[in-house]
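Visitor: Enclosed is the structure file model_30.cif (mmCIF, C-alpha atoms).
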```
data_run
#
loop_
_atom_site.label_atom_id
_atom_site.label_comp_id
_atom_site.auth_asym_id
_atom_site.auth_seq_id
_atom_site.Cartn_x
_atom_site.Cartn_y
_atom_site.Cartn_z
CA MET H 823 64.80 122.91 119.44
CA ASP H 824 65.19 121.83 123.10
CA ILE H 825 66.26 123.91 126.07
CA GLU H 826 69.81 122.51 126.11
CA LYS H 827 70.39 123.84 122.60
CA ILE H 828 69.01 127.20 123.69
CA LYS H 829 71.40 127.24 126.67
CA ASN H 830 74.35 126.78 124.32
CA LEU H 831 73.52 130.08 122.59
CA LYS H 832 74.90 133.49 123.57
CA ILE H 833 72.16 134.95 125.80
CA ALA H 834 71.86 138.18 127.78
CA PHE H 835 69.34 139.38 130.33
CA VAL H 836 68.09 142.99 130.59
CA HIS H 837 66.33 144.35 133.69
CA ASP H 838 65.23 147.95 134.29
CA TRP H 839 67.12 148.43 137.55
CA LEU H 840 68.39 146.22 140.36
CA THR H 841 67.97 148.01 143.68
CA GLY H 842 66.29 145.28 145.77
CA MET H 843 64.47 141.97 145.69
CA ARG H 844 60.84 142.42 144.69
CA GLY H 845 58.51 140.52 142.36
CA GLY H 846 60.36 141.36 139.15
CA GLU H 847 63.67 140.20 140.61
CA LYS H 848 62.07 136.91 141.70
CA VAL H 849 61.04 136.32 138.08
CA LEU H 850 64.59 137.09 136.96
CA GLU H 851 65.94 134.56 139.47
CA GLN H 852 63.82 131.81 137.94
CA MET H 853 64.96 132.73 134.44
CA ILE H 854 68.54 132.42 135.68
CA ASP H 855 67.63 128.98 137.07
CA VAL H 856 66.46 127.91 133.62
CA LEU H 857 69.22 129.48 131.49
CA GLY H 858 72.10 129.76 133.95
CA PRO H 859 74.04 132.92 134.90
CA ARG H 860 74.55 135.25 131.92
CA ASP H 861 75.51 138.83 131.13
CA LEU H 862 72.90 140.99 132.84
CA TYR H 863 72.36 144.58 131.66
CA THR H 864 70.60 147.11 133.88
CA LEU H 865 70.41 150.88 134.37
CA ILE H 866 71.76 150.70 137.92
CA ALA H 867 72.58 147.93 140.41
CA ASN H 868 72.99 147.88 144.18
CA LYS H 869 74.70 144.52 144.47
CA SER H 870 74.49 144.44 148.26
CA GLU H 871 70.68 144.41 147.96
CA LEU H 872 70.57 141.50 145.49
CA SER H 873 70.45 137.74 145.91
CA ASP H 874 73.47 135.53 145.30
CA LYS H 875 71.70 134.12 142.25
CA ILE H 876 71.37 137.51 140.57
CA ASN H 877 74.90 138.48 141.60
CA SER H 878 76.14 135.28 139.92
CA CYS H 879 75.49 137.02 136.60
CA ASN H 880 77.97 139.40 134.99
CA ILE H 881 76.14 142.64 135.78
CA LYS H 882 76.71 145.54 133.37
CA THR H 883 75.30 148.95 134.31
CA SER H 884 74.61 152.13 132.35
CA PHE H 885 76.11 155.60 132.79
CA ILE H 886 73.33 156.36 135.30
CA GLN H 887 75.19 154.18 137.82
CA ASP H 888 77.87 156.87 138.06
CA LEU H 889 75.53 159.82 138.56
CA PRO H 890 75.09 161.39 142.02
CA LEU H 891 72.59 159.65 144.35
CA SER H 892 71.66 157.08 141.69
CA SER H 893 71.63 154.25 144.23
CA THR H 894 68.86 155.84 146.29
CA LYS H 895 67.19 158.43 144.02
CA HIS H 896 67.38 156.79 140.60
CA GLN H 897 63.78 157.79 139.82
CA TYR H 898 64.93 161.41 139.43
CA TYR H 899 66.89 160.35 136.34
CA LEU H 900 63.78 159.02 134.59
CA PRO H 901 64.21 161.47 131.65
CA LEU H 902 67.56 159.81 130.92
CA PHE H 903 66.32 156.21 131.08
CA PRO H 904 65.48 155.86 127.34
CA LEU H 905 68.93 157.14 126.34
CA ALA H 906 70.63 154.89 128.90
CA ILE H 907 68.83 151.70 127.89
CA GLU H 908 69.60 152.37 124.21
CA SER H 909 73.31 152.72 124.98
CA PHE H 910 73.83 148.96 125.47
CA ASP H 911 75.27 146.94 122.57
CA PHE H 912 73.79 143.47 121.92
CA LYS H 913 75.33 142.64 118.53
CA ASP H 914 77.14 139.56 119.87
CA TYR H 915 74.07 137.83 121.31
CA ASP H 916 71.73 135.27 119.81
CA ILE H 917 68.94 135.94 122.35
CA VAL H 918 68.19 138.83 124.68
CA VAL H 919 65.61 138.24 127.43
CA SER H 920 64.33 141.52 128.89
CA THR H 921 62.15 141.79 131.99
CA SER H 922 60.47 145.17 131.78
CA HIS H 923 58.15 147.46 133.71
CA CYS H 924 59.74 150.66 132.44
CA VAL H 925 62.27 150.94 129.58
CA ALA H 926 64.00 147.53 129.32
CA LYS H 927 61.80 146.50 126.42
CA GLY H 928 63.17 149.48 124.42
CA ILE H 929 66.68 148.07 123.90
CA ILE H 930 68.10 148.09 120.38
CA THR H 931 69.02 144.70 118.94
CA TYR H 932 70.37 143.56 115.58
CA PRO H 933 68.58 141.31 113.04
CA ASN H 934 70.60 138.31 114.22
CA THR H 935 69.36 138.77 117.81
CA PHE H 936 66.00 137.52 119.07
CA HIS H 937 64.40 139.83 121.67
CA TYR H 938 62.07 138.05 124.11
CA SER H 939 60.43 140.55 126.47
CA TYR H 940 58.69 139.54 129.69
CA VAL H 941 56.54 142.57 130.50
CA HIS H 942 55.26 143.29 134.00
CA THR H 943 53.46 146.35 132.64
CA PRO H 944 53.76 149.04 129.99
CA ILE H 945 55.26 152.10 131.73
CA ARG H 946 52.51 152.68 134.30
CA TYR H 947 53.33 156.31 135.10
CA ALA H 948 53.25 157.20 131.40
CA TRP H 949 50.01 155.41 130.61
CA ASP H 950 47.02 154.51 132.81
CA PHE H 951 48.50 155.44 136.21
CA SER H 952 49.94 158.78 135.08
CA ALA H 953 47.40 160.97 136.90
CA ILE H 954 47.93 159.11 140.19
CA TYR H 955 51.69 159.59 140.04
CA GLN H 956 51.39 163.24 139.03
CA ALA H 957 49.13 163.97 141.99
CA LYS H 958 51.85 162.74 144.37
CA ALA H 959 54.87 164.20 142.52
CA LYS H 960 56.74 167.10 144.13
CA PRO H 961 57.21 170.01 143.92
CA LYS H 962 53.63 170.30 142.74
CA TRP H 963 54.02 173.71 141.10
CA ILE H 964 56.73 172.34 138.80
CA MET H 965 55.07 168.98 138.18
CA LYS H 966 51.85 170.68 137.12
CA PHE H 967 53.64 171.74 133.93
CA ALA H 968 56.67 169.43 133.65
CA TRP H 969 54.90 166.09 134.24
CA PRO H 970 52.46 166.21 131.27
CA PHE H 971 55.24 167.42 128.97
CA PHE H 972 57.68 164.65 129.86
CA MET H 973 55.06 161.90 129.99
CA HIS H 974 54.01 162.90 126.48
CA TYR H 975 57.62 162.39 125.38
CA LEU H 976 57.89 159.09 127.29
CA ARG H 977 54.68 157.75 125.75
CA MET H 978 55.96 158.58 122.26
CA TRP H 979 59.26 156.85 122.97
CA ASP H 980 57.50 153.82 124.45
CA LYS H 981 55.14 153.51 121.49
CA ASN H 982 57.91 154.08 118.92
CA THR H 983 60.01 151.30 120.47
CA CYS H 984 57.29 148.67 120.79
CA ASP H 985 58.27 146.93 117.55
CA ARG H 986 61.82 146.35 118.81
CA VAL H 987 60.45 143.32 120.67
CA ASP H 988 60.14 140.08 118.72
CA HIS H 989 57.98 138.23 121.24
CA TYR H 990 55.93 139.80 124.05
CA VAL H 991 55.18 137.82 127.20
CA PRO H 992 53.02 139.73 129.72
CA ASN H 993 52.73 138.48 133.28
CA ALA H 994 48.91 138.51 133.27
CA ILE H 995 45.84 138.69 131.05
CA ASN H 996 45.31 142.18 132.46
CA VAL H 997 48.73 143.26 131.14
CA ARG H 998 48.19 141.51 127.80
CA LYS H 999 45.13 143.70 127.25
CA ARG H 1000 47.22 146.81 127.84
CA ILE H 1001 49.94 145.62 125.45
CA GLU H 1002 47.28 145.06 122.82
CA LYS H 1003 45.79 148.51 123.53
CA TYR H 1004 48.98 150.59 123.64
CA TYR H 1005 51.35 148.63 121.39
CA ARG H 1006 48.87 146.87 119.05
CA ARG H 1007 50.81 143.63 119.51
CA ASP H 1008 49.73 140.08 120.31
CA ALA H 1009 51.21 138.54 123.45
CA GLU H 1010 51.55 135.20 125.26
CA VAL H 1011 50.67 135.26 128.99
CA LEU H 1012 53.06 133.63 131.46
CA TYR H 1013 52.18 134.08 135.13
CA PRO H 1014 54.99 134.95 137.57
CA PRO H 1015 56.24 132.32 140.04
CA VAL H 1016 55.56 131.80 143.74
CA ASP H 1017 58.31 130.19 145.82
CA MET H 1018 56.40 127.49 147.70
CA GLN H 1019 59.56 126.58 149.63
CA ALA H 1020 59.86 130.13 150.98
CA PHE H 1021 56.16 130.62 151.76
CA TYR H 1022 54.19 127.97 153.69
CA PRO H 1023 51.66 127.73 156.55
CA CYS H 1024 52.54 127.49 160.23
CA GLU H 1025 50.91 125.08 162.68
CA SER H 1026 48.91 127.44 164.91
CA PRO H 1027 48.53 130.91 163.38
CA SER H 1028 47.44 133.73 165.70
CA ARG H 1029 45.19 135.46 163.10
CA ASP H 1030 45.01 138.63 165.19
CA TYR H 1031 45.90 141.39 162.68
CA TYR H 1032 45.57 142.40 159.04
CA PHE H 1033 48.71 142.61 156.93
CA VAL H 1034 49.95 144.67 153.97
CA LEU H 1035 53.28 144.05 152.24
CA SER H 1036 53.91 146.55 149.48
CA ALA H 1037 56.19 149.04 147.86
CA LEU H 1038 55.02 152.31 149.41
CA VAL H 1039 54.11 154.20 146.24
CA PRO H 1040 50.85 156.01 145.44
CA TYR H 1041 49.02 153.55 143.20
CA LYS H 1042 49.34 150.72 145.75
CA ARG H 1043 46.72 152.55 147.88
CA VAL H 1044 48.24 151.49 151.20
CA ASP H 1045 46.73 154.73 152.52
CA LEU H 1046 43.27 153.18 152.03
CA ALA H 1047 44.15 150.15 154.16
CA ILE H 1048 45.52 152.44 156.88
CA SER H 1049 42.60 154.88 156.92
CA THR H 1050 40.06 152.02 156.97
CA CYS H 1051 41.73 150.20 159.87
CA LYS H 1052 42.19 153.51 161.67
CA LYS H 1053 38.48 154.29 161.32
CA LEU H 1054 37.36 150.79 162.38
CA GLY H 1055 39.98 150.26 165.08
CA LYS H 1056 41.21 147.05 163.46
CA PRO H 1057 44.85 145.97 163.98
CA LEU H 1058 47.05 146.41 160.90
CA ILE H 1059 50.72 145.78 160.18
CA VAL H 1060 52.30 147.33 157.09
CA ALA H 1061 55.72 146.22 155.82
CA GLY H 1062 57.67 147.65 152.89
CA GLY H 1063 59.65 150.70 151.89
CA GLY H 1064 59.25 153.53 149.43
CA PRO H 1065 58.76 157.29 149.04
CA GLU H 1066 55.39 157.23 150.85
CA LEU H 1067 56.79 155.77 154.09
CA ASP H 1068 56.87 158.98 156.15
CA ALA H 1069 53.49 160.18 154.90
CA LEU H 1070 51.88 156.82 155.74
CA ARG H 1071 53.40 156.81 159.22
CA GLU H 1072 51.95 160.27 159.75
CA LEU H 1073 48.56 159.08 158.49
CA ALA H 1074 48.53 156.05 160.80
CA ASN H 1075 49.58 157.61 164.12
CA VAL H 1076 47.42 155.24 166.22
CA ASP H 1077 48.31 152.30 168.48
CA ASN H 1078 46.49 149.65 166.43
CA ILE H 1079 48.54 150.31 163.26
CA GLN H 1080 52.23 149.48 162.87
CA ILE H 1081 54.25 150.75 159.88
CA LEU H 1082 57.43 148.65 159.96
CA GLY H 1083 59.25 149.75 156.81
CA ARG H 1084 61.46 147.13 155.19
CA VAL H 1085 61.79 143.87 157.11
CA SER H 1086 63.69 140.58 156.69
CA GLN H 1087 62.44 137.62 154.67
CA GLU H 1088 61.98 135.69 157.93
CA LYS H 1089 59.80 138.44 159.35
CA ILE H 1090 57.74 138.62 156.14
CA LEU H 1091 57.02 134.88 156.35
CA ASP H 1092 55.95 135.22 159.99
CA LEU H 1093 53.67 138.17 159.17
CA TYR H 1094 52.04 136.31 156.27
CA GLN H 1095 51.50 133.15 158.33
CA ASN H 1096 49.81 134.78 161.31
CA ALA H 1097 47.67 137.44 159.63
CA LYS H 1098 43.90 137.30 159.77
CA ALA H 1099 43.92 138.35 156.12
CA PHE H 1100 46.21 140.00 153.60
CA LEU H 1101 44.93 143.35 152.30
CA PHE H 1102 45.52 144.23 148.65
CA PRO H 1103 43.84 147.63 148.19
CA GLY H 1104 45.45 148.82 144.93
CA GLU H 1105 44.89 148.00 141.28
CA GLU H 1106 47.92 145.91 140.34
CA ASP H 1107 49.25 144.64 137.02
CA PHE H 1108 49.42 141.13 138.49
CA GLY H 1109 50.62 141.17 142.10
CA ILE H 1110 52.54 138.24 143.55
CA THR H 1111 51.92 139.07 147.21
CA PRO H 1112 48.31 137.74 147.31
CA LEU H 1113 49.64 134.38 146.13
CA GLU H 1114 52.44 134.41 148.72
CA ALA H 1115 49.77 135.02 151.37
CA GLN H 1116 47.67 132.13 150.04
CA ALA H 1117 50.76 129.87 150.08
CA CYS H 1118 50.87 130.65 153.83
CA ALA H 1119 47.16 129.69 154.10
CA THR H 1120 46.14 133.31 154.65
CA PRO H 1121 43.07 134.60 152.79
CA VAL H 1122 43.16 137.83 150.78
CA ILE H 1123 40.89 140.88 150.62
CA ALA H 1124 41.55 142.56 147.26
CA PHE H 1125 40.20 145.44 145.20
CA LYS H 1126 38.12 143.87 142.43
CA LYS H 1127 40.16 145.04 139.49
CA GLY H 1128 43.41 144.27 137.65
CA GLY H 1129 45.63 141.30 138.37
CA ALA H 1130 43.87 140.28 141.59
CA LEU H 1131 41.03 138.92 139.45
CA GLU H 1132 43.52 136.30 138.21
CA THR H 1133 44.96 135.32 141.60
CA VAL H 1134 42.11 135.46 144.14
CA VAL H 1135 39.12 133.09 144.04
CA GLN H 1136 36.04 134.70 145.58
CA ASP H 1137 34.85 132.92 148.78
CA LYS H 1138 37.51 130.20 148.33
CA THR H 1139 40.85 131.99 148.76
CA GLY H 1140 39.58 135.45 149.68
CA LEU H 1141 37.12 138.26 149.05
CA PHE H 1142 36.87 141.24 146.71
CA PHE H 1143 35.70 144.75 147.53
CA GLU H 1144 34.08 146.78 144.77
CA GLU H 1145 35.23 150.37 145.37
CA GLN H 1146 38.40 151.96 146.73
CA THR H 1147 36.59 153.45 149.70
CA GLU H 1148 36.79 152.88 153.46
CA GLU H 1149 33.16 151.72 153.46
CA SER H 1150 33.68 149.08 150.75
CA LEU H 1151 36.92 147.71 152.20
CA GLY H 1152 35.53 147.76 155.75
CA LYS H 1153 32.47 145.81 154.67
CA ALA H 1154 34.68 143.08 153.14
CA MET H 1155 36.79 142.93 156.33
CA ASP H 1156 33.66 142.48 158.47
CA GLN H 1157 32.40 139.77 156.11
CA LEU H 1158 35.70 137.87 156.21
CA GLU H 1159 35.67 137.76 160.01
CA SER H 1160 32.52 135.62 159.87
CA MET H 1161 33.98 133.17 157.33
CA THR H 1162 36.34 130.19 157.40
CA PHE H 1163 38.73 129.22 154.61
CA ASP H 1164 40.11 125.79 153.84
CA LYS H 1165 43.90 125.64 154.25
CA LYS H 1166 44.26 123.13 151.40
CA ASP H 1167 42.29 125.30 148.98
CA LEU H 1168 44.55 128.27 149.70
CA VAL H 1169 47.84 126.38 149.40
CA ASP H 1170 46.81 124.35 146.35
CA HIS H 1171 45.75 127.48 144.48
CA ALA H 1172 49.09 129.14 145.19
CA ALA H 1173 50.92 125.97 144.10
CA SER H 1174 49.42 126.28 140.61
CA PHE H 1175 51.72 129.34 140.24
CA SER H 1176 54.85 127.63 141.65
CA ASN H 1177 58.47 128.15 140.55
CA GLU H 1178 58.42 124.74 138.89
CA VAL H 1179 55.33 125.58 136.83
CA PHE H 1180 56.87 128.91 135.78
CA ASN H 1181 60.24 127.38 134.83
CA GLU H 1182 58.65 124.71 132.66
CA ASN H 1183 56.38 127.19 130.89
CA PHE H 1184 59.17 129.75 130.43
CA ALA H 1185 61.44 127.16 128.82
CA LYS H 1186 58.66 126.05 126.46
CA SER H 1187 57.75 129.63 125.58
CA LEU H 1188 61.35 130.64 124.85
CA MET H 1189 62.04 127.54 122.75
CA SER H 1190 58.92 127.82 120.62
CA SER H 1191 59.14 131.58 120.07
CA TYR H 1192 62.85 131.47 119.20
CA GLN H 1193 62.25 128.64 116.72
CA ALA H 1194 59.42 130.62 115.14
CA TYR H 1195 61.71 133.65 114.86
CA GLN H 1196 64.42 131.53 113.23
CA ASP H 1197 61.90 130.15 110.76
CA ARG H 1198 60.74 133.65 109.82
CA MET H 1199 64.28 134.92 109.36
CA ASP H 1200 65.24 131.89 107.27
CA PHE H 1201 62.19 132.42 105.07
CA HIS H 1202 63.14 136.05 104.40
#
```
Is it possible to give me this structure as structure tokens?
Guide:
Amino acid sequence: MDIEKIKNLKIAFVHDWLTGMRGGEKVLEQMIDVLGPRDLYTLIANKSELSDKINSCNIKTSFIQDLPLSSTKHQYYLPLFPLAIESFDFKDYDIVVSTSHCVAKGIITYPNTFHYSYVHTPIRYAWDFSAIYQAKAKPKWIMKFAWPFFMHYLRMWDKNTCDRVDHYVPNAINVRKRIEKYYRRDAEVLYPPVDMQAFYPCESPSRDYYFVLSALVPYKRVDLAISTCKKLGKPLIVAGGGPELDALRELANVDNIQILGRVSQEKILDLYQNAKAFLFPGEEDFGITPLEAQACATPVIAFKKGGALETVVQDKTGLFFEEQTEESLGKAMDQLESMTFDKKDLVDHAASFSNEVFNENFAKSLMSSYQAYQDRMDFH
């Protein structure tokens, strides 16, 4: 079966929520490139924050869209997410492609519908990052009791729904291991794409600051980058939004550190291109930002764990630090300042994760897995 035959089928996309353009939405854009605009189901959508490509789909939202403050505080409705994602009806579709880091993989489909799930991570706040999120959750006196109770429920729901997926496709080897651990399912790795047209080197970079681009949430450990640069007096620029923004600005509070909040795509490119290095201090499922930095010929300093092990090449496209401490990160920063990196090595490595590579591999993966599903169903 070729991709044109697949495109003639009734296909729907499912995405957890659509409130901005981050890594998961960039993956969705490439899937839309391959399959064309389709019905797109999601818990909530802020269409003004989405690209034209995603808005070209017929976006269908859940009842959470109509709840108070859902556009800005949707995370408070987390207990309702399983119910909301199960409320969608997919009986008329041949294929449903979900992109999931929370509950999208838990949709209910019929025997005639093939469910292909691209998984950025099993629900991180229910599984291996639960303690980190609980430590930051407020009010603390409520979360001390409520968080373990609800996460127990969410883990049971997540585990009980894992067999609703017909074919798992994690975005990294690191995530595949977690799918095998928590769901006891085999999975086919497909790395996310990097837009090499959007990210590229400039002629004469200034290289006079360190840069972090991140969602400002606890597990990203942006606080470590800030405290290290504050201690060492090194210039740092942080871009991105999230619930930790005010706390991180309070932590910084020195002239050599700028916390910009959300910035334009043009500004992001400029910040990548001119940075001395991109700092990646958290343990990430995969993490597309180190590759975007490398596409701009900027080396990366990353915590030596998780997805960074699959995107950063030691001494060739960046450096690793061993422990999430100021001393360990600072040592790597000092080491990098005495090194030179080859522009071609950086850009070529990023290009091996390009949109074109992703689109080709996604099409092949979908075709072969759907055909295998058809063969199994015909046999039975």
Visitor: So for stretch 899-916 of chain H, what box centre and size do we get, axis-aligned, 6 Å extra on each of the six sides, every listed atom, Å to one decimal, as lines of an AutoDock Vina configuration file?
Guide:
```
center_x = 70.5
center_y = 148.4
center_z = 127.4
size_x = 25.4
size_y = 38.2
size_z = 29.8
```
Visitor: Name the closest residue to H:Ser1036 among the candidates H:Met853, H:Val997, H:Val1134, H:Gly845; distances are taken between atoms, counting all atoms listed in the file.
Guide: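 Under the stated criterion, the closest residue is H:Gly845.
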Visitor: What gap, in Å, lies between atom CA of H:Thr864 and atom CA of H:Val1060?
Guide: 29.6 Å
Visitor: Do you know which residues are at most 10 Å from H:Lys1138 counting all atoms listed in the file, after dropping those on the same chain fewer than 5 positions away, and could you put them as a ChimeraX atom specification?
Guide: /H:1121-1122,1162-1165,1167-1168,1171
Visitor: From the list H:Lys913, H:His896, H:Lys869, H:Lys1166, which residue is nearest H:Ala834 when using only C-alpha atoms?
Guide: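 For H:Ala834, the nearest of the given residues is H:Lys913.
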Visitor: Which of these, H:Val856, H:Leu891, H:Ile995, H:Leu1082, has the shortest distance to H:Gly1128 once you count all atoms listed in the file?
Guide: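 Nearest to H:Gly1128: H:Ile995.
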Visitor: With a cut-off of 12 Å, could you pull out the residues of stretch 1112-1143 of chain H touching stretch 1023-1028 of chain H and give me the nearest pair of atoms for each, distance in Å to one decimal, using all atoms listed in the file, ordered by chain and ascending number, as a Markdown table?
Guide:
```
| residue | atom | partner | partner_atom | distance |
| --- | --- | --- | --- | --- |
| H:Glu1114 | CA | H:Pro1023 | CA | 10.3 |
| H:Ala1115 | CA | H:Pro1023 | CA | 9.1 |
| H:Gln1116 | CA | H:Pro1023 | CA | 8.8 |
| H:Ala1117 | CA | H:Pro1023 | CA | 6.9 |
| H:Cys1118 | CA | H:Pro1023 | CA | 4.1 |
| H:Ala1119 | CA | H:Pro1023 | CA | 5.5 |
| H:Thr1120 | CA | H:Pro1023 | CA | 8.1 |
| H:Pro1121 | CA | H:Pro1023 | CA | 11.6 |
```
Visitor: Output C-alpha atoms of each residue in that selection to a file, as a JSON list (two decimals), in the frame of the given file.
Guide:
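result13.json, freshly written:
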```json
[["chain", "number", "residue", "atom", "x", "y", "z"],
["H", 1114, "GLU", "CA", 52.44, 134.41, 148.72],
["H", 1115, "ALA", "CA", 49.77, 135.02, 151.37],
["H", 1116, "GLN", "CA", 47.67, 132.13, 150.04],
["H", 1117, "ALA", "CA", 50.76, 129.87, 150.08],
["H", 1118, "CYS", "CA", 50.87, 130.65, 153.83],
["H", 1119, "ALA", "CA", 47.16, 129.69, 154.10],
["H", 1120, "THR", "CA", 46.14, 133.31, 154.65],
["H", 1121, "PRO", "CA", 43.07, 134.60, 152.79]]
```
Visitor: Quick check, in Å to one decimal: how far apart do atom CA of H:Asn830 and atom CA of H:Pro1015 lie?
Guide: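 Straight-line distance from atom CA of H:Asn830 to atom CA of H:Pro1015 works out to 24.6 Å.
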Visitor: Between atom CA of H:Asn982 and atom CA of H:Gly1129, what is the spacing in Å?
Guide: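 Going from atom CA of H:Gly1129 over to atom CA of H:Asn982 covers 26.3 Å.
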Visitor: Check which residues satisfy the PyMOL selection byres ((chain H and resi 986-992) around 10) in the file shown, then give them as a PyMOL selection string.
Guide: chain H and resi 918-922+927-932+935-944+982-985+993-1001+1007-1014+1107-1108+1184+1187-1188+1191-1192+1194-1195
Visitor: Rank H:Glu1088, H:Glu1002, H:Asp838, H:Glu1159 by their smallest atom-to-atom distance to H:Arg1029, using only C-alpha atoms, and report the top residue only.
Guide: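 Answer, going by the shortest atom-to-atom distance: H:Glu1159.
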Visitor: May I have the residues within 8 Å of stretch 875-883 of chain H as a PyMOL selection string, using all atoms listed in the file and disregarding those fewer than 3 positions away in the same chain?
Guide: chain H and resi 850-851+854+859-867+869+872+886-887
Visitor: Once you have the residues from the selection above, write them out as a PDB file, keeping the file's coordinate frame, restricted to C-alpha atoms.
Guide:
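Heads up, here's the output in selection30.pdb:
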```
ATOM      1  CA  LEU H 850      64.590 137.090 136.960  1.00  0.00           C
ATOM      2  CA  GLU H 851      65.940 134.560 139.470  1.00  0.00           C
ATOM      3  CA  ILE H 854      68.540 132.420 135.680  1.00  0.00           C
ATOM      4  CA  PRO H 859      74.040 132.920 134.900  1.00  0.00           C
ATOM      5  CA  ARG H 860      74.550 135.250 131.920  1.00  0.00           C
ATOM      6  CA  ASP H 861      75.510 138.830 131.130  1.00  0.00           C
ATOM      7  CA  LEU H 862      72.900 140.990 132.840  1.00  0.00           C
ATOM      8  CA  TYR H 863      72.360 144.580 131.660  1.00  0.00           C
ATOM      9  CA  THR H 864      70.600 147.110 133.880  1.00  0.00           C
ATOM     10  CA  LEU H 865      70.410 150.880 134.370  1.00  0.00           C
ATOM     11  CA  ILE H 866      71.760 150.700 137.920  1.00  0.00           C
ATOM     12  CA  ALA H 867      72.580 147.930 140.410  1.00  0.00           C
ATOM     13  CA  LYS H 869      74.700 144.520 144.470  1.00  0.00           C
ATOM     14  CA  LEU H 872      70.570 141.500 145.490  1.00  0.00           C
ATOM     15  CA  ILE H 886      73.330 156.360 135.300  1.00  0.00           C
ATOM     16  CA  GLN H 887      75.190 154.180 137.820  1.00  0.00           C
TER      17      GLN H 887
END
```
Visitor: Between H:Tyr1094, H:Phe1180, H:Trp839, H:Tyr1041, which one has atoms that come closest to H:Gln852, using only C-alpha atoms?
Guide: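 Nearest to H:Gln852: H:Phe1180.
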Visitor: Using only C-alpha atoms, which residues sit within 7 Å of H:Asn868 once same-chain residues fewer than 6 positions away are excluded, as a list in words?
Guide: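 Skipping anything fewer than 6 positions along the chain leaves Leu840, Thr841 and Ser893 of chain H.
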Visitor: Using all atoms listed in the file, find each residue in stretch 834-909 of chain H having at least one atom no more than 12 Å away from stretch 1063-1080 of chain H; report its shortest atom-to-atom pair and that distance in Å (one decimal), rows by chain then rising number, as a Markdown table.
Guide:
```
| residue | atom | partner | partner_atom | distance |
| --- | --- | --- | --- | --- |
| H:Thr841 | CA | H:Gly1064 | CA | 11.8 |
| H:Gly842 | CA | H:Gly1063 | CA | 10.5 |
| H:Met843 | CA | H:Gly1063 | CA | 11.7 |
| H:Arg844 | CA | H:Gly1063 | CA | 11.0 |
| H:Thr894 | CA | H:Gly1064 | CA | 10.4 |
| H:Lys895 | CA | H:Pro1065 | CA | 9.9 |
| H:Gln897 | CA | H:Pro1065 | CA | 10.5 |
```
Visitor: Of the candidates H:Val1135, H:Leu857, H:Cys924, H:Ala906, which one gets nearest to H:His837 if we count only C-alpha atoms?
Guide: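 Closest residue, counting only C-alpha atoms: H:Cys924.
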Visitor: Would you mind listing what lies within 10 Å of H:Gln1136 as a PyMOL selection string, with only C-alpha atoms counted and same-chain residues fewer than 4 positions away left out?
Guide: chain H and resi 1122-1124+1126+1131+1140-1142
